[in-house]
Every structure is written in structure tokens, then in C-alpha cells.
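input_17.pdb follows (PDB, C-alpha atoms):
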```
ATOM      1  CA  MET A   1      22.550  -0.112   8.121
ATOM      2  CA  PRO A   2      19.602   2.276   7.460
ATOM      3  CA  LYS A   3      16.142   0.763   6.955
ATOM      4  CA  VAL A   4      12.995   2.252   5.532
ATOM      5  CA  VAL A   5      11.111   3.515   8.593
ATOM      6  CA  HIS A   6       8.244   5.531   7.077
ATOM      7  CA  PHE A   7       6.378   5.895   3.839
ATOM      8  CA  GLU A   8       4.512   8.809   2.315
ATOM      9  CA  ILE A   9       1.906   8.253  -0.362
ATOM     10  CA  PRO A  10       0.728  11.301  -2.324
ATOM     11  CA  ILE A  11      -3.037  11.592  -2.741
ATOM     12  CA  GLN A  12      -5.275  14.070  -4.518
ATOM     13  CA  ASP A  13      -8.685  13.174  -3.066
ATOM     14  CA  PRO A  14      -8.653  12.238   0.656
ATOM     15  CA  LYS A  15     -12.352  11.244   0.605
ATOM     16  CA  ARG A  16     -11.519   8.651  -2.027
ATOM     17  CA  ALA A  17      -8.010   7.582  -0.964
ATOM     18  CA  ILE A  18      -8.462   7.170   2.804
ATOM     19  CA  PRO A  19     -11.356   4.680   2.495
ATOM     20  CA  PHE A  20      -9.388   2.791  -0.172
ATOM     21  CA  TYR A  21      -6.476   2.080   2.203
ATOM     22  CA  GLU A  22      -8.747   1.468   5.203
ATOM     23  CA  LYS A  23     -10.963  -1.015   3.348
ATOM     24  CA  VAL A  24      -8.328  -2.823   1.295
ATOM     25  CA  PHE A  25      -5.598  -3.172   3.942
ATOM     26  CA  GLY A  26      -7.395  -2.416   7.228
ATOM     27  CA  TRP A  27      -5.079   0.503   8.034
ATOM     28  CA  LYS A  28      -5.986   2.947  10.801
ATOM     29  CA  ILE A  29      -5.746   6.437   9.294
ATOM     30  CA  GLU A  30      -6.097   9.672  11.237
ATOM     31  CA  GLY A  31      -5.281  13.329  10.701
ATOM     32  CA  TRP A  32      -1.971  14.546  12.027
ATOM     33  CA  GLY A  33      -2.056  17.483  14.439
ATOM     34  CA  GLY A  34       0.816  19.178  12.609
ATOM     35  CA  GLY A  35      -1.345  20.490   9.799
ATOM     36  CA  ASP A  36      -3.907  19.818   7.138
ATOM     37  CA  GLY A  37      -3.148  17.572   4.208
ATOM     38  CA  TYR A  38      -1.286  14.877   6.153
ATOM     39  CA  TRP A  39      -2.812  11.680   7.574
ATOM     40  CA  LEU A  40      -0.838   9.182   9.663
ATOM     41  CA  CYS A  41      -1.277   5.516   8.769
ATOM     42  CA  THR A  42      -0.906   2.670  11.230
ATOM     43  CA  ALA A  43      -0.310  -0.265   8.927
ATOM     44  CA  GLY A  44      -0.148  -3.054  11.503
ATOM     45  CA  PRO A  45       0.776  -3.987  15.061
ATOM     46  CA  ASP A  46       4.143  -2.766  16.356
ATOM     47  CA  GLU A  47       5.113  -6.369  17.161
ATOM     48  CA  GLU A  48       5.032  -7.318  13.463
ATOM     49  CA  PRO A  49       7.750  -6.451  10.942
ATOM     50  CA  GLY A  50       7.031  -3.458   8.762
ATOM     51  CA  ILE A  51       6.602   0.274   8.862
ATOM     52  CA  ASN A  52       3.920   2.895   9.307
ATOM     53  CA  GLY A  53       3.659   6.062   7.270
ATOM     54  CA  ALA A  54       1.331   8.714   5.923
ATOM     55  CA  LEU A  55      -0.928   9.873   3.126
ATOM     56  CA  MET A  56      -0.237  13.441   2.044
ATOM     57  CA  LEU A  57      -1.822  15.862  -0.385
ATOM     58  CA  GLY A  58       0.256  15.932  -3.533
ATOM     59  CA  THR A  59       0.767  14.526  -7.008
ATOM     60  CA  PRO A  60       2.180  11.053  -7.643
ATOM     61  CA  ILE A  61       5.845  11.322  -8.566
ATOM     62  CA  ASP A  62       6.894   9.357 -11.656
ATOM     63  CA  GLY A  63       9.668   6.944 -10.853
ATOM     64  CA  GLY A  64       9.113   7.269  -7.111
ATOM     65  CA  THR A  65       9.456   4.533  -4.544
ATOM     66  CA  ILE A  66       7.109   1.606  -4.874
ATOM     67  CA  ASN A  67       6.187   0.087  -1.551
ATOM     68  CA  THR A  68       5.292  -3.585  -1.411
ATOM     69  CA  LEU A  69       2.714  -4.908   1.022
ATOM     70  CA  GLY A  70       2.645  -8.474   2.323
ATOM     71  CA  VAL A  71      -0.806 -10.049   2.005
ATOM     72  CA  PRO A  72      -2.159 -13.446   3.057
ATOM     73  CA  SER A  73      -3.784 -14.096  -0.343
ATOM     74  CA  ILE A  74      -2.751 -12.383  -3.567
ATOM     75  CA  ALA A  75      -6.020 -13.397  -5.259
ATOM     76  CA  GLU A  76      -8.120 -11.924  -2.433
ATOM     77  CA  TYR A  77      -6.227  -8.635  -2.417
ATOM     78  CA  ARG A  78      -6.223  -8.235  -6.198
ATOM     79  CA  ALA A  79     -10.021  -8.472  -5.944
ATOM     80  CA  LYS A  80     -10.141  -5.983  -3.042
ATOM     81  CA  VAL A  81      -8.008  -3.493  -4.960
ATOM     82  CA  THR A  82     -10.384  -3.433  -7.921
ATOM     83  CA  GLU A  83     -13.495  -3.563  -5.708
ATOM     84  CA  HIS A  84     -12.446  -0.324  -4.011
ATOM     85  CA  GLY A  85     -11.493   1.644  -7.110
ATOM     86  CA  GLY A  86      -7.869   0.646  -7.671
ATOM     87  CA  LYS A  87      -6.366  -1.276 -10.582
ATOM     88  CA  VAL A  88      -4.280  -4.388 -10.995
ATOM     89  CA  VAL A  89      -1.566  -3.345 -13.457
ATOM     90  CA  GLY A  90       0.452  -6.521 -13.770
ATOM     91  CA  GLU A  91       0.171 -10.272 -13.950
ATOM     92  CA  ILE A  92       1.012 -12.438 -10.955
ATOM     93  CA  GLN A  93       4.714 -13.255 -10.984
ATOM     94  CA  THR A  94       6.384 -16.059  -9.063
ATOM     95  CA  ILE A  95       9.485 -14.901  -7.243
ATOM     96  CA  PRO A  96      11.451 -18.130  -6.750
ATOM     97  CA  GLY A  97      11.882 -19.040  -3.108
ATOM     98  CA  VAL A  98       9.785 -16.064  -1.980
ATOM     99  CA  GLY A  99       6.200 -16.022  -3.197
ATOM    100  CA  LEU A 100       3.642 -14.537  -5.568
ATOM    101  CA  PHE A 101       3.844 -10.856  -6.534
ATOM    102  CA  CYS A 102       1.987  -8.329  -8.670
ATOM    103  CA  TYR A 103       1.776  -4.593  -9.234
ATOM    104  CA  CYS A 104      -1.344  -2.563  -8.536
ATOM    105  CA  MET A 105      -2.369   1.091  -8.603
ATOM    106  CA  ASP A 106      -4.388   2.929  -5.956
ATOM    107  CA  THR A 107      -7.169   5.448  -6.552
ATOM    108  CA  GLU A 108      -4.603   8.269  -6.739
ATOM    109  CA  GLY A 109      -2.379   6.808  -9.461
ATOM    110  CA  ASN A 110       0.310   5.449  -7.118
ATOM    111  CA  LYS A 111       1.843   2.111  -8.087
ATOM    112  CA  PHE A 112       2.469  -0.446  -5.346
ATOM    113  CA  GLY A 113       3.214  -4.124  -5.062
ATOM    114  CA  ILE A 114       1.502  -6.909  -3.172
ATOM    115  CA  ILE A 115       3.208 -10.147  -2.254
ATOM    116  CA  GLU A 116       1.993 -13.431  -0.807
ATOM    117  CA  MET A 117       4.873 -15.267   0.802
ATOM    118  CA  VAL A 118       4.861 -18.932  -0.290
ATOM    119  CA  GLN A 119       7.487 -21.369   0.928
ATOM    120  CA  GLY A 120       9.073 -23.218  -1.958
ATOM    121  CA  ALA A 121       7.684 -20.830  -4.570
TER     122      ALA A 121
END
```
File written out as C-alpha cells:
Amino acid sequence: MPKVVHFEIPIQDPKRAIPFYEKVFGWKIEGWGGGDGYWLCTAGPDEEPGINGALMLGTPIDGGTINTLGVPSIAEYRAKVTEHGGKVVGEIQTIPGVGLFCYCMDTEGNKFGIIEMVQGA
């Protein structure tokens, strides 16, 4: 069964967007040798579940895929998002049996989710 193996996030201002993702999530971001306008993102150790992807020059696509990122503390990461120029665009929701979730927006207008896994939520 196919799994998501890569993400691409459109950005308009690399000088603004790259530091946002590095500072908020600790991603390692570096230019790709295949051309300008594409930066590879290492979003965590290979031993952990999840995927890596890229930031690319472009315009956010309405109705596009929303990636959700697992975080250790939803309160901490909501604060980090706003501290680094993003926005929290939804209230914290409890997903029964899973955890706490909310929607945010990055500096480029891309919507994403953050989730704190909580046993017995």
C-alpha cells in the first residue's frame, strides 16, 4: 500500500521561510544541487517514523495537502509558530484516543497541522 514518502511546501520568500522551519521544528534545510528554488528538508532521524521533503519556490495551492507534524507539546509549538512569524488558525481540538491537534499557517500562507500524541485523550 503506497505511503506518503516526501512533501513539498511552496514558499515565496526563502529568507523568511527557511529560518521559520529551522527554528520552529529544528529541520536541517539545504539547497539541492539540481537547481535553484528547491531546498531539501531533513525533518528528523531516519530511525524515527516520518518523511523528509522540500521547500520549493511557488505559490500555496488552495485545497492542497495539509501535512501534520507530531510535536512533544502543542502549547510550546503554538507559541513557537507565532514567535517566528506564523499564525495559529484554529483552536486546540481533542482527537479521542489520539491527542491534541490544531491548525497553523507558516510565513508563506501554507496551512499545516500540529499534533501532540496523548494516551487516553
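Residue nearest Lys28 (chain A), chosen from A:Lys111, A:Val4, A:Ile11, A:Leu55 and counting all atoms listed in the file: A:Leu55.
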Shell around region 83-91 of chain A at 8 Å using all atoms listed in the file, local window under 3 positions removed, as a PyMOL selection string: chain A and resi 20+23-24+78-80+102-107
Å distance separating CA of Ile115 (chain A) from CA of Pro96 (chain A), one decimal place: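 Pair CA of Ile115 (chain A) / CA of Pro96 (chain A) returns 12.3 Å.
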Counting all atoms listed in the file, the option among A:Ile74, A:Ile29, A:Leu69, A:Met117 closest to Lys15 (chain A):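 Using all atoms listed in the file, Lys15 (chain A) sits closest to A:Ile29.
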Spatial neighbours of Lys3 (chain A), 12 Å, all atoms listed in the file, chain gap at least 3 places, as a ChimeraX atom specification: /A:6-7,49-51
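Shortest atom-to-atom contact with Asp36 (chain A) among A:Gly113, A:Pro14, A:Pro72, A:Gly120: A:Pro14, counting only C-alpha atoms.
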Pick from A:Gly37, A:Gly53, A:Gly44, A:Gly97 nearest to Gln12 (chain A), counting all atoms listed in the file: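 Checking each of A:Gly37, A:Gly53, A:Gly44, A:Gly97 against Gln12 (chain A), counting all atoms listed in the file, the winner is A:Gly37.
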Residue nearest Glu116 (chain A) among A:Val81, A:Ile95, A:Val5, A:Val71 (counting only C-alpha atoms):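 Looking only at the distances to Glu116 (chain A), the closest residue turns out to be A:Val71.
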Selection: 10 Å around Asp13 (chain A), all atoms listed in the file, excl. self and same-chain fewer than 2 positions, as a list in words: Pro10, Ile11, Lys15, Arg16, Ala17, Ile18, Met56, Leu57, Gly58, Thr107 and Glu108 of chain A
